[in-house]
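J.: Coordinates in entry-v6.txt, compact mmCIF, C-alpha atoms, are listed below.
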# COMPACT_ATOMS: atom_id res chain seq x y z
CA MET A 21 4.97 -19.66 -17.08
CA ILE A 22 7.75 -18.04 -15.06
CA GLN A 23 8.49 -14.64 -16.52
CA ILE A 24 12.09 -13.49 -16.29
CA ILE A 25 11.99 -9.79 -15.48
CA THR A 26 15.06 -7.62 -15.86
CA ARG A 27 15.82 -3.92 -16.01
CA ASP A 28 15.20 -4.05 -19.77
CA ASN A 29 11.75 -5.60 -19.85
CA ARG A 30 10.29 -4.68 -16.44
CA ARG A 31 8.07 -2.02 -17.98
CA LEU A 32 6.01 -4.88 -19.47
CA PHE A 33 5.37 -6.30 -15.99
CA HIS A 34 4.33 -3.44 -13.73
CA HIS A 35 1.15 -5.23 -12.62
CA ALA A 36 2.95 -8.50 -11.87
CA LEU A 37 5.73 -6.68 -9.99
CA MET A 38 3.21 -4.71 -7.95
CA GLU A 39 1.37 -7.95 -7.10
CA MET A 40 4.66 -9.62 -6.17
CA HIS A 41 5.52 -6.86 -3.68
CA ARG A 42 1.96 -7.06 -2.30
CA GLN A 43 2.21 -10.83 -1.82
CA ARG A 44 5.63 -10.47 -0.20
CA LYS A 45 4.07 -8.11 2.34
CA GLN A 46 1.21 -10.55 3.01
CA VAL A 47 3.49 -13.57 3.32
CA PHE A 48 6.67 -12.27 4.99
CA ILE A 49 5.25 -9.48 7.16
CA ASP A 50 1.63 -10.42 7.89
CA ARG A 51 2.07 -14.17 8.07
CA MET A 52 5.69 -14.89 8.98
CA HIS A 53 6.26 -11.67 10.97
CA TRP A 54 9.65 -10.95 9.44
CA ARG A 55 10.87 -7.54 10.49
CA LEU A 56 10.74 -5.85 7.11
CA SER A 57 9.52 -2.41 6.21
CA GLU A 58 6.27 -1.91 4.43
CA SER A 59 4.67 0.98 2.64
CA MET A 60 1.33 1.13 0.85
CA GLY A 61 0.83 -2.61 1.42
CA LEU A 62 4.06 -3.41 -0.46
CA GLU A 63 7.23 -5.01 0.90
CA ILE A 64 10.19 -3.40 -0.83
CA ASP A 65 13.72 -3.50 0.59
CA GLU A 66 17.00 -1.78 -0.28
CA PHE A 67 17.97 -4.59 -2.64
CA ASP A 68 14.90 -4.16 -4.81
CA ASN A 69 16.32 -2.02 -7.55
CA GLU A 70 16.81 -2.11 -11.29
CA GLU A 71 19.83 -4.42 -10.97
CA ALA A 72 17.68 -7.18 -9.50
CA MET A 73 16.17 -9.87 -11.69
CA TYR A 74 12.75 -11.21 -10.76
CA LEU A 75 11.17 -14.53 -11.56
CA ILE A 76 7.41 -14.29 -11.42
CA ASP A 77 5.27 -17.36 -12.02
CA VAL A 78 2.06 -16.21 -13.67
CA ASP A 79 -0.79 -18.64 -14.40
CA ALA A 80 -3.11 -18.66 -17.42
CA ASN A 81 -5.44 -16.15 -15.73
CA GLY A 82 -2.61 -13.72 -15.18
CA ASP A 83 -2.53 -14.40 -11.43
CA VAL A 84 0.84 -14.41 -9.68
CA GLN A 85 1.49 -17.90 -8.23
CA GLN A 86 4.95 -17.31 -6.79
CA SER A 87 7.99 -15.13 -7.16
CA ALA A 88 11.71 -15.00 -6.38
CA ARG A 89 14.50 -12.49 -6.74
CA LEU A 90 18.04 -12.79 -8.11
CA LEU A 91 20.68 -10.25 -7.09
CA PRO A 92 24.17 -9.80 -8.54
CA THR A 93 26.70 -10.64 -5.83
CA LEU A 94 29.16 -7.94 -6.91
CA SER A 95 26.60 -5.44 -5.57
CA PRO A 96 25.37 -5.38 -1.97
CA HIS A 97 22.99 -8.31 -1.44
CA LEU A 98 21.49 -10.15 1.52
CA MET A 99 24.40 -12.52 2.06
CA SER A 100 26.95 -9.70 2.00
CA GLU A 101 24.99 -7.19 4.10
CA VAL A 102 22.81 -9.24 6.45
CA PHE A 103 23.92 -12.88 6.53
CA ALA A 104 27.71 -12.65 6.05
CA LYS A 105 28.37 -14.51 9.29
CA LEU A 106 26.65 -17.61 7.91
CA CYS A 107 29.52 -18.04 5.43
CA ASP A 108 32.77 -19.49 6.81
CA ASP A 109 34.86 -17.92 4.05
CA GLY A 110 32.76 -14.83 3.39
CA PRO A 111 29.93 -14.65 0.86
CA PRO A 112 30.88 -15.81 -2.63
CA ARG A 113 31.08 -12.79 -4.95
CA SER A 114 31.56 -12.88 -8.69
CA ALA A 115 29.93 -11.73 -11.90
CA ARG A 116 28.93 -15.38 -12.39
CA VAL A 117 27.41 -15.85 -8.92
CA TRP A 118 23.95 -14.47 -8.23
CA GLU A 119 21.96 -14.68 -5.01
CA ALA A 120 18.40 -15.98 -4.91
CA SER A 121 16.09 -14.59 -2.22
CA ARG A 122 12.46 -13.75 -1.37
CA PHE A 123 11.00 -17.09 -2.46
CA CYS A 124 7.34 -16.19 -2.09
CA PRO A 125 4.37 -18.45 -2.85
CA ALA A 126 1.09 -16.60 -3.32
CA PRO A 127 -0.78 -16.44 0.03
CA THR A 128 -3.59 -18.50 -1.50
CA ILE A 129 -1.33 -21.50 -2.19
CA ALA A 130 -1.98 -24.29 0.32
CA LYS A 131 0.86 -25.58 2.49
CA GLY A 132 2.42 -28.95 1.74
CA ALA A 133 2.47 -30.50 -1.71
CA PRO A 134 1.20 -27.47 -3.69
CA ARG A 135 3.94 -25.24 -2.26
CA ARG A 136 6.63 -27.90 -2.70
CA GLU A 137 5.64 -28.32 -6.35
CA LEU A 138 5.85 -24.58 -6.90
CA LEU A 139 9.28 -24.42 -5.28
CA ALA A 140 10.56 -27.21 -7.53
CA ARG A 141 9.27 -25.24 -10.53
CA MET A 142 11.00 -22.11 -9.24
CA ILE A 143 14.30 -23.95 -8.83
CA ALA A 144 14.01 -25.15 -12.43
CA GLY A 145 13.24 -21.53 -13.37
CA ILE A 146 16.32 -20.27 -11.54
CA LEU A 147 18.53 -22.81 -13.33
CA GLU A 148 17.05 -21.94 -16.74
CA THR A 149 17.52 -18.23 -16.08
CA SER A 150 21.10 -18.83 -14.92
CA ILE A 151 21.98 -20.75 -18.07
CA LEU A 152 20.40 -17.99 -20.17
CA PHE A 153 22.38 -15.25 -18.41
CA GLY A 154 25.70 -17.07 -17.96
CA ILE A 155 25.35 -17.48 -14.19
CA GLU A 156 27.41 -20.43 -12.90
CA LYS A 157 26.45 -20.53 -9.24
CA VAL A 158 23.46 -19.40 -7.20
CA SER A 159 23.79 -18.58 -3.50
CA PHE A 160 20.88 -18.40 -1.07
CA VAL A 161 20.05 -18.35 2.62
CA ALA A 162 17.54 -20.97 3.71
CA GLY A 163 15.49 -21.42 6.85
CA ALA A 164 14.45 -24.73 8.36
CA ALA A 165 11.56 -25.06 5.89
CA LEU A 166 13.42 -24.24 2.68
CA ALA A 167 16.80 -25.89 3.32
CA PRO A 168 15.84 -29.58 3.05
CA LEU A 169 13.59 -28.94 0.05
CA ALA A 170 16.34 -27.02 -1.73
CA ALA A 171 18.87 -29.72 -0.91
CA GLN A 172 16.66 -32.47 -2.34
CA ALA A 173 15.54 -30.67 -5.48
CA GLY A 174 18.08 -32.47 -7.66
CA TRP A 175 20.64 -29.74 -8.26
CA ASN A 176 24.08 -29.85 -6.70
CA VAL A 177 24.16 -27.73 -3.53
CA CYS A 178 26.66 -27.32 -0.71
CA ALA A 179 26.56 -25.43 2.58
CA LEU A 180 28.76 -22.36 2.96
CA GLY A 181 28.87 -22.71 6.74
CA PRO A 182 27.08 -24.36 9.66
CA LYS A 183 23.46 -23.69 10.55
CA GLN A 184 23.13 -20.74 12.90
CA ARG A 185 20.32 -19.25 14.90
CA MET A 186 19.48 -15.71 13.83
CA GLY A 187 16.41 -14.23 15.48
CA ARG A 188 13.73 -16.89 15.64
CA GLU A 189 15.10 -18.97 12.79
CA ARG A 190 17.93 -21.39 12.19
CA LEU A 191 19.49 -20.33 8.93
CA ILE A 192 22.04 -21.81 6.58
CA ALA A 193 23.87 -20.29 3.62
CA MET A 194 24.01 -22.47 0.53
CA LEU A 195 25.55 -22.43 -2.91
CA ALA A 196 24.12 -24.31 -5.90
CA ASP A 197 25.91 -25.23 -9.12
CA VAL A 198 24.26 -24.39 -12.40
CA THR A 199 24.63 -27.30 -14.81
CA SER A 200 22.51 -28.83 -17.54
CA ASP A 201 22.65 -32.13 -15.65
CA GLY A 202 21.32 -30.39 -12.56
CA LEU A 203 18.53 -28.83 -14.57
CA ALA A 204 17.64 -32.22 -16.07
CA ALA A 205 17.53 -33.78 -12.60
CA VAL A 206 15.39 -30.98 -11.18
CA ARG A 207 13.00 -31.27 -14.11
CA GLN A 208 12.76 -35.01 -13.72
CA ARG A 209 11.95 -34.84 -10.02
CA ALA A 210 9.42 -32.08 -10.58
CA ARG A 211 7.95 -33.94 -13.57
CA LEU A 212 8.54 -30.97 -15.83
CA THR A 213 8.72 -31.82 -19.50
CA GLY A 214 10.35 -28.64 -20.76
CA PRO A 215 11.29 -25.04 -20.02
CA VAL A 216 9.19 -23.21 -17.44
CA THR A 217 10.59 -19.72 -18.05
CA ARG A 218 9.98 -17.08 -20.66
CA PHE A 219 12.07 -14.00 -21.31
CA ALA A 220 9.96 -11.38 -23.06
CA ASP A 221 11.88 -8.88 -25.11
CA ALA A 222 10.64 -5.37 -24.41
CA GLY A 223 11.50 -4.14 -27.91
CA LEU A 224 9.68 -6.95 -29.67
CA ALA A 225 6.68 -6.67 -27.37
CA ARG A 226 6.33 -3.02 -28.24
CA ALA A 227 6.49 -3.77 -31.98
CA ALA A 228 3.82 -6.46 -31.58
CA MET B 9 18.23 9.43 -18.11
CA GLY B 10 17.41 7.16 -15.15
CA ARG B 11 14.24 7.63 -13.12
CA ARG B 12 15.95 9.28 -10.16
CA GLU B 13 17.85 11.71 -12.39
CA ALA B 14 14.63 12.59 -14.20
CA THR B 15 12.96 13.22 -10.84
CA LEU B 16 15.72 15.54 -9.64
CA ASP B 17 15.68 17.29 -13.00
CA PHE B 18 11.93 17.78 -12.58
CA VAL B 19 12.46 19.33 -9.15
CA GLN B 20 14.94 21.81 -10.63
CA LYS B 21 12.53 22.69 -13.43
CA CYS B 22 9.74 23.35 -10.92
CA ARG B 23 11.96 25.64 -8.86
CA ALA B 24 12.89 27.62 -11.95
CA ALA B 25 9.35 27.64 -13.43
CA ALA B 26 7.91 31.08 -14.20
CA SER B 27 4.30 30.16 -13.45
CA ALA B 28 2.00 27.60 -11.88
CA GLU B 29 0.87 26.72 -15.43
CA ASP B 30 4.42 25.70 -16.33
CA ILE B 31 4.63 23.53 -13.22
CA ALA B 32 1.33 21.87 -14.18
CA ARG B 33 2.64 21.20 -17.69
CA PHE B 34 5.87 19.67 -16.33
CA LEU B 35 4.01 17.53 -13.80
CA PHE B 36 1.52 16.13 -16.34
CA ALA B 37 4.35 15.28 -18.76
CA GLU B 38 6.53 13.64 -16.12
CA MET B 39 3.65 11.67 -14.61
CA GLU B 40 2.64 10.46 -18.07
CA ALA B 41 6.21 9.21 -18.55
CA CYS B 42 5.72 7.25 -15.30
CA GLY B 43 2.56 5.57 -16.60
CA ILE B 44 0.10 7.88 -14.85
CA ARG B 45 -3.05 8.74 -16.78
CA TYR B 46 -4.74 11.29 -14.49
CA VAL B 47 -3.27 13.68 -11.94
CA ALA B 48 -4.90 15.82 -9.23
CA CYS B 49 -2.17 17.59 -7.28
CA ALA B 50 -4.36 20.07 -5.51
CA SER B 51 -5.65 21.72 -2.38
CA HIS B 52 -8.79 20.08 -1.06
CA VAL B 53 -11.11 22.67 -2.56
CA ASP B 54 -13.55 22.99 -5.45
CA PRO B 55 -11.16 22.45 -8.39
CA LEU B 56 -13.15 24.72 -10.69
CA LYS B 57 -13.44 27.57 -8.18
CA PRO B 58 -10.20 27.42 -6.23
CA PRO B 59 -9.87 30.18 -3.62
CA THR B 60 -6.86 32.47 -3.64
CA GLY B 61 -3.71 30.68 -2.64
CA ALA B 62 -5.05 27.21 -3.51
CA VAL B 63 -3.15 24.80 -5.73
CA ALA B 64 -5.10 23.15 -8.56
CA ILE B 65 -2.96 21.05 -10.89
CA VAL B 66 -5.64 18.73 -12.22
CA ASN B 67 -6.17 16.88 -15.50
CA TYR B 68 -9.12 14.71 -14.42
CA PRO B 69 -11.84 14.31 -17.08
CA HIS B 70 -13.69 17.63 -17.36
CA PRO B 71 -17.23 16.19 -16.93
CA TRP B 72 -16.13 14.74 -13.60
CA LEU B 73 -14.76 18.08 -12.44
CA VAL B 74 -18.02 19.82 -13.34
CA TRP B 75 -20.03 17.16 -11.50
CA PHE B 76 -17.64 17.29 -8.50
CA SER B 77 -17.97 21.09 -8.38
CA ASP B 78 -21.78 21.14 -8.81
CA LYS B 79 -22.26 18.53 -6.10
CA LYS B 80 -19.83 20.30 -3.76
CA TYR B 81 -17.99 17.00 -3.30
CA ALA B 82 -14.91 18.81 -1.94
CA ASN B 83 -16.71 18.74 1.42
CA ARG B 84 -17.35 15.00 1.34
CA ASP B 85 -14.67 13.40 -0.86
CA PRO B 86 -13.47 10.41 1.24
CA ILE B 87 -10.04 10.54 -0.40
CA PHE B 88 -9.60 14.06 0.97
CA PHE B 89 -10.50 12.78 4.44
CA GLY B 90 -8.06 9.90 4.01
CA ALA B 91 -5.25 12.24 2.99
CA HIS B 92 -5.90 14.50 6.00
CA ASN B 93 -5.31 11.58 8.33
CA ALA B 94 -2.39 9.89 6.62
CA LEU B 95 1.25 10.66 6.10
CA LEU B 96 2.10 7.86 3.67
CA PRO B 97 0.64 7.22 0.22
CA PHE B 98 -2.32 4.87 0.04
CA TRP B 99 -4.16 2.95 -2.65
CA TRP B 100 -7.84 3.77 -2.96
CA GLU B 101 -8.77 0.07 -3.03
CA GLU B 102 -7.10 -0.57 0.31
CA PHE B 103 -8.40 2.64 1.82
CA VAL B 104 -12.00 1.63 1.03
CA VAL B 105 -11.49 -1.66 2.86
CA GLN B 106 -9.87 -0.06 5.93
CA TYR B 107 -12.33 2.76 6.54
CA ASP B 108 -15.98 2.65 7.33
CA LEU B 109 -17.20 5.06 4.68
CA ALA B 110 -20.61 6.67 4.67
CA ARG B 111 -22.95 5.70 1.86
CA ASP B 112 -22.64 9.06 0.08
CA GLN B 113 -18.87 8.78 0.23
CA ARG B 114 -18.93 5.35 -1.38
CA ARG B 115 -21.17 6.85 -4.06
CA ILE B 116 -18.57 9.52 -4.80
CA LEU B 117 -15.93 6.83 -5.37
CA ASN B 118 -18.27 4.77 -7.53
CA GLU B 119 -19.15 7.77 -9.67
CA ALA B 120 -15.47 8.65 -10.03
CA ALA B 121 -14.77 5.08 -11.14
CA GLU B 122 -17.39 5.45 -13.87
CA CYS B 123 -15.41 8.40 -15.18
CA GLY B 124 -12.24 6.30 -15.35
CA LEU B 125 -10.94 7.42 -11.97
CA ARG B 126 -10.26 4.07 -10.31
CA LYS B 127 -7.41 2.10 -8.73
CA GLY B 128 -5.77 5.37 -7.82
CA LEU B 129 -2.97 6.22 -5.47
CA THR B 130 -3.09 9.24 -3.18
CA ILE B 131 -0.04 10.99 -1.78
CA PRO B 132 -1.02 13.14 1.24
CA ILE B 133 0.62 16.58 1.25
CA HIS B 134 1.06 18.35 4.58
CA SER B 135 2.76 21.69 4.09
CA PRO B 136 3.08 24.19 6.95
CA GLY B 137 0.54 26.94 6.56
CA ALA B 138 -0.93 25.53 3.38
CA LEU B 139 -4.48 24.45 2.69
CA PRO B 140 -4.92 20.68 3.14
CA ALA B 141 -3.82 19.01 -0.06
CA SER B 142 -2.91 15.75 -1.75
CA CYS B 143 -1.75 14.38 -5.05
CA SER B 144 -3.99 11.65 -6.45
CA LEU B 145 -2.66 9.62 -9.35
CA VAL B 146 -4.58 7.22 -11.56
CA PRO B 147 -2.30 4.79 -13.42
CA GLY B 148 -2.82 4.03 -17.11
CA PRO B 149 -3.50 0.49 -18.41
CA ASP B 150 0.13 -0.66 -18.00
CA GLY B 151 0.21 0.20 -14.29
CA ILE B 152 3.17 1.79 -12.56
CA ASP B 153 6.55 0.44 -11.57
CA PRO B 154 6.49 -0.29 -7.80
CA LEU B 155 10.00 1.09 -7.46
CA ILE B 156 9.05 4.62 -8.58
CA VAL B 157 6.59 5.42 -5.80
CA PRO B 158 9.23 7.47 -3.90
CA ASP B 159 9.83 9.46 -7.08
CA LEU B 160 6.11 10.12 -7.46
CA GLN B 161 6.05 11.37 -3.89
CA LEU B 162 9.03 13.65 -4.40
CA MET B 163 7.55 15.10 -7.57
CA ALA B 164 4.14 15.65 -5.97
CA PHE B 165 5.64 17.45 -2.96
CA HIS B 166 7.78 19.78 -5.05
CA ALA B 167 5.13 20.53 -7.67
CA HIS B 168 2.65 21.37 -4.92
CA GLU B 169 5.07 23.53 -2.96
CA GLU B 170 6.31 25.50 -5.96
CA ALA B 171 2.77 26.00 -7.24
CA ARG B 172 1.66 27.09 -3.77
CA LEU B 173 4.45 29.64 -3.45
CA ARG B 174 3.43 31.12 -6.80
CA ALA B 175 -0.27 31.11 -5.88
CA THR B 176 0.19 32.77 -2.50
CA GLY B 177 3.09 35.07 -3.39
CA GLU B 178 4.94 33.74 -0.35
CA THR B 179 8.68 33.63 -0.37
CA ARG B 180 10.69 30.71 0.82
CA THR B 181 12.46 32.69 3.58
CA PRO B 182 11.31 31.23 6.88
CA VAL B 183 10.56 33.36 9.90
CA VAL B 184 13.01 32.67 12.71
CA LEU B 185 12.22 33.75 16.29
CA THR B 186 14.74 34.21 19.07
CA LYS B 187 14.61 31.81 22.00
CA ARG B 188 13.08 34.54 24.18
CA GLN B 189 10.48 35.46 21.54
CA LYS B 190 9.51 31.81 21.25
CA GLU B 191 9.18 31.46 25.05
CA CYS B 192 7.03 34.56 25.36
CA LEU B 193 4.83 33.59 22.41
CA ALA B 194 4.38 30.08 23.80
CA LEU B 195 3.24 31.50 27.15
CA ALA B 196 0.94 33.96 25.40
CA ALA B 197 -0.47 31.03 23.46
CA ARG B 198 -1.33 29.41 26.78
CA GLY B 199 -3.35 32.48 27.64
CA LYS B 200 -0.90 34.05 30.05
CA SER B 201 -1.03 37.82 30.44
CA ASP B 202 2.05 40.01 29.96
CA PRO B 203 2.61 40.51 33.73
CA LEU B 204 2.31 36.76 34.29
CA ILE B 205 4.70 35.98 31.42
CA ALA B 206 7.13 38.50 32.89
CA ASP B 207 6.78 36.87 36.28
CA ILE B 208 7.40 33.36 34.95
CA LEU B 209 10.46 34.35 32.95
CA GLY B 210 11.83 36.81 35.52
CA ILE B 211 11.72 39.80 33.17
CA LYS B 212 9.89 43.15 33.18
CA THR B 213 6.30 43.34 31.92
CA ALA B 214 7.33 45.90 29.31
CA THR B 215 10.04 43.54 28.06
CA ALA B 216 7.55 40.68 27.72
CA LYS B 217 5.18 42.97 25.82
CA HIS B 218 7.93 44.21 23.49
CA THR B 219 9.30 40.71 22.86
CA ILE B 220 5.88 39.49 21.72
CA GLU B 221 5.47 42.62 19.61
CA HIS B 222 8.77 41.84 17.84
CA ALA B 223 7.68 38.24 17.23
CA ARG B 224 4.40 39.51 15.78
CA ALA B 225 6.30 41.93 13.52
CA ARG B 226 8.55 39.15 12.22
CA TYR B 227 5.47 37.34 10.93
CA GLY B 228 4.18 40.61 9.49
CA VAL B 229 0.72 40.15 11.02
CA SER B 230 -1.41 42.52 13.05
CA SER B 231 -2.43 40.48 16.08
CA ARG B 232 -0.92 38.14 18.65
CA ILE B 233 -3.38 35.42 17.81
CA GLN B 234 -2.24 35.52 14.17
CA ALA B 235 1.40 35.36 15.24
CA ILE B 236 0.63 32.33 17.43
CA MET B 237 -1.21 30.62 14.57
CA PHE B 238 1.64 31.26 12.11
CA ALA B 239 4.22 30.06 14.62
CA TYR B 240 2.20 26.90 15.18
CA LEU B 241 1.74 26.25 11.48
CA ASP B 242 5.41 26.70 10.59
CA GLY B 243 6.47 24.45 13.45
CA THR B 244 8.09 27.13 15.62
CA LEU B 245 5.54 26.27 18.30
CA THR B 246 4.33 22.72 18.72
CA LEU B 247 1.26 21.32 20.40
CA SER B 248 3.33 20.51 23.50
CA ASP B 249 4.34 24.18 23.76
CA LEU B 250 0.66 25.07 23.92
CA ALA B 251 -0.39 22.44 26.45
CA ASP B 252 -0.18 22.98 30.18
Before we go any further, please render this structure as structure tokens.
T.:
Amino acid sequence: MIQIITRDNRRLFHHALMEMHRQRKQVFIDRMHWRLSESMGLEIDEFDNEEAMYLIDVDANGDVQQSARLLPTLSPHLMSEVFAKLCDDGPPRSARVWEASRFCPAPTIAKGAPRRELLARMIAGILETSILFGIEKVSFVAGAALAPLAAQAGWNVCALGPKQRMGRERLIAMLADVTSDGLAAVRQRARLTGPVTRFADAGLARAA
Amino acid sequence: MGRREATLDFVQKCRAAASAEDIARFLFAEMEACGIRYVACASHVDPLKPPTGAVAIVNYPHPWLVWFSDKKYANRDPIFFGAHNALLPFWWEEFVVQYDLARDQRRILNEAAECGLRKGLTIPIHSPGALPASCSLVPGPDGIDPLIVPDLQLMAFHAHEEARLRATGETRTPVVLTKRQKECLALAARGKSDPLIADILGIKTATAKHTIEHARARYGVSSRIQAIMFAYLDGTLTLSDLAD
């Protein structure tokens, strides 16, 4: 189940959040050698704050399988601060556009099919979350590995500019529409029979 | 109140606190609000027999403290060693993997774990002139929010510093040396005699002697060696000033 974690319920998910930051360090810094800062074995950047929403896929044993981050585009986010030049007409910014970033499979997940399946689940999770929170479009920057997978997931995506080399990677900025048809198509391709997300209410959880 | 506001509010409260006991009370309450179960913000000494000037803000289980004191673990605690050699906070679990600990040191950690002291986080505290210290934090069952680690650090530093000032009776006014005093003291620290110092700087021997005397007086100590040590500890002199 992909837990939707917001400012309001994050206190229920300290362990999962800690594990997410740990996995991000292992995957992005140790394995992919992205130039990110690290402290105490955790990768945390300036956009990790209480405004961010996190999607953390937790299995039945409580282990974190993958995670992703959603940032409001009216605040500083990756596309506005780091990747603005990838967008021909500037990064899209609106209360109804959020940016997805830090797609991170657990380091134990094998390459190939297992990771592709997880990504398809995460895309379904992003669409579900968007519908729940009134988000109409989701922007993201994709590298050579993510771009084709994201384009073929079943949702409607368009490029915001041409592919460009930045550092060692060729990156492209993309924008996806949030629609119920798109969600249905993503679910069908990923063979998902129903919702993959859960939004735990902090107040109710405390009462229980 | 947001986390950062609460942290800054805590810092203000520590500054204004009448006693080290008040600071301890504030720190325990604030850390509990952050999901921390146990706190040891302390000099690396026997927590039950702290020497004068030591900081001991500790709410670890009492049986553990008695055992720690009886066994004189302050001399062997691997977390203390880790904190000496680190600037950034570290998790105990990762520390154990990175360092080749002696068997007795592993035993200390295992015994601590039996008392509920496990999966902790240690914030090293390096304060000029202070006894070596750190702030170890053991999270409660719900864990801690990864975004509040900087707040924990800020709170640990301030609680320790304010408690230390109250324990030692030191004031916060730093000693400032003149450029000439610093030069003379640095040369004295390298073992140069007054005539030699005078020669190097192109001044009279009596002037060199007096300049060092004034530097010594500013630190309020009775010997040159003490003045050199204080100047080194407060950062006025650095290791490169002392090396040839």
J.: Could you please tell me, as a ChimeraX atom specification, which residues of chain B have an atom within 9 Å of chain A when using all atoms listed in the file?
T.: /B:96-99,102,150-155
J.: What box, with edges along x, y and z, holds each listed atom of range 66-73 of chain A when 8 Å is added on every side, and can you state its centre and edge lengths in Å to one decimal, as lines of an AutoDock Vina configuration file?
T.:
center_x = 17.4
center_y = -5.8
center_z = -6.0
size_x = 20.9
size_y = 24.1
size_z = 27.4
J.: What does the distance between CA of Ala220 in chain A and CA of Val78 in chain A come to in Å, to one decimal place?
T.: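 Here the two named atoms are 13.2 Å from each other.
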J.: Taking all atoms listed in the file into account, produce a table as a tab-separated table in which each residue of range 113-133 of chain B with an atom at most 8 Å from an atom of range 76-89 of chain B appears once, together with its shortest atom pair and the distance in Å to one decimal, ordered by chain and rising number.
T.:
residue	atom	partner	partner_atom	distance
B:Gln113	CA	B:Pro86	CA	5.7
B:Arg114	CA	B:Pro86	CA	7.9
B:Ile116	CA	B:Asp85	CA	6.8
B:Leu117	CA	B:Pro86	CA	7.9
B:Thr130	CA	B:Ile87	CA	7.6
J.: Mind writing the picked residues with C-alpha atoms as a compact mmCIF listing (two decimals), keeping the file's coordinate frame?
T.:
# COMPACT_ATOMS: atom_id res chain seq x y z
CA GLN B 113 -18.87 8.78 0.23
CA ARG B 114 -18.93 5.35 -1.38
CA ILE B 116 -18.57 9.52 -4.80
CA LEU B 117 -15.93 6.83 -5.37
CA THR B 130 -3.09 9.24 -3.18
J.: Which polymer residues have any atom within 12 Å of an atom of range 198-207 of chain A, counting only C-alpha atoms, with same-chain residues fewer than 2 positions away left out, as a ChimeraX atom specification?
T.: /A:116-118,137,139-159,169-177,195-196,209-216
J.: Give me, please, the distance in Å between CA of Leu204 in chain B and CA of Tyr227 in chain B, quoted to one decimal.
T.: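 Calculated distance between CA of Leu204 in chain B and CA of Tyr227 in chain B is 23.6 Å.
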J.: Mind checking which residues fall within 12 Å of His218 in chain B, counting only C-alpha atoms, ignoring those fewer than 6 positions away in the same chain, and posting them as a list in words?
T.: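 Residues meeting the cut-off are Arg188, Gln189, Cys192, Leu193, Asp202, Ile205, Ala206, Ile211, Lys212, Arg224, Ala225 and Arg232 of chain B.
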J.: Can I get the selection written as a PDB file, in the coordinates of the input, with C-alpha atoms?
T.:
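Output file result.pdb is given in full below:
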ATOM      1  CA  ARG B 188      13.080  34.540  24.180  1.00  0.00           C
ATOM      2  CA  GLN B 189      10.480  35.460  21.540  1.00  0.00           C
ATOM      3  CA  CYS B 192       7.030  34.560  25.360  1.00  0.00           C
ATOM      4  CA  LEU B 193       4.830  33.590  22.410  1.00  0.00           C
ATOM      5  CA  ASP B 202       2.050  40.010  29.960  1.00  0.00           C
ATOM      6  CA  ILE B 205       4.700  35.980  31.420  1.00  0.00           C
ATOM      7  CA  ALA B 206       7.130  38.500  32.890  1.00  0.00           C
ATOM      8  CA  ILE B 211      11.720  39.800  33.170  1.00  0.00           C
ATOM      9  CA  LYS B 212       9.890  43.150  33.180  1.00  0.00           C
ATOM     10  CA  ARG B 224       4.400  39.510  15.780  1.00  0.00           C
ATOM     11  CA  ALA B 225       6.300  41.930  13.520  1.00  0.00           C
ATOM     12  CA  ARG B 232      -0.920  38.140  18.650  1.00  0.00           C
TER      13      ARG B 232
END
J.: Enter the distance from CA of Arg172 in chain B to CA of Gly61 in chain B, in Å, rounded to one decimal.
T.: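 Interatomic distance here is 6.6 Å.
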J.: Please provide the set of residues having any atom within 12 Å of Val47 in chain A, restricted to all atoms listed in the file, with same-chain residues fewer than 2 positions apart removed, written as a short mmCIF file (atom, residue, chain, number, x, y, z; two decimals) with C-alpha atoms, in the coordinates of the input.
T.:
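Once written, selection26.cif looks like this:
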data_model
loop_
_atom_site.label_atom_id
_atom_site.label_comp_id
_atom_site.auth_asym_id
_atom_site.auth_seq_id
_atom_site.Cartn_x
_atom_site.Cartn_y
_atom_site.Cartn_z
CA MET A 40 4.66 -9.62 -6.17
CA HIS A 41 5.52 -6.86 -3.68
CA ARG A 42 1.96 -7.06 -2.30
CA GLN A 43 2.21 -10.83 -1.82
CA ARG A 44 5.63 -10.47 -0.20
CA LYS A 45 4.07 -8.11 2.34
CA ILE A 49 5.25 -9.48 7.16
CA ASP A 50 1.63 -10.42 7.89
CA ARG A 51 2.07 -14.17 8.07
CA MET A 52 5.69 -14.89 8.98
CA HIS A 53 6.26 -11.67 10.97
CA TRP A 54 9.65 -10.95 9.44
CA ARG A 55 10.87 -7.54 10.49
CA LEU A 56 10.74 -5.85 7.11
CA GLY A 61 0.83 -2.61 1.42
CA LEU A 62 4.06 -3.41 -0.46
CA GLU A 63 7.23 -5.01 0.90
CA GLN A 86 4.95 -17.31 -6.79
CA SER A 87 7.99 -15.13 -7.16
CA ARG A 122 12.46 -13.75 -1.37
CA PHE A 123 11.00 -17.09 -2.46
CA CYS A 124 7.34 -16.19 -2.09
CA PRO A 125 4.37 -18.45 -2.85
CA ALA A 126 1.09 -16.60 -3.32
CA PRO A 127 -0.78 -16.44 0.03
CA THR A 128 -3.59 -18.50 -1.50
CA ILE A 129 -1.33 -21.50 -2.19
#
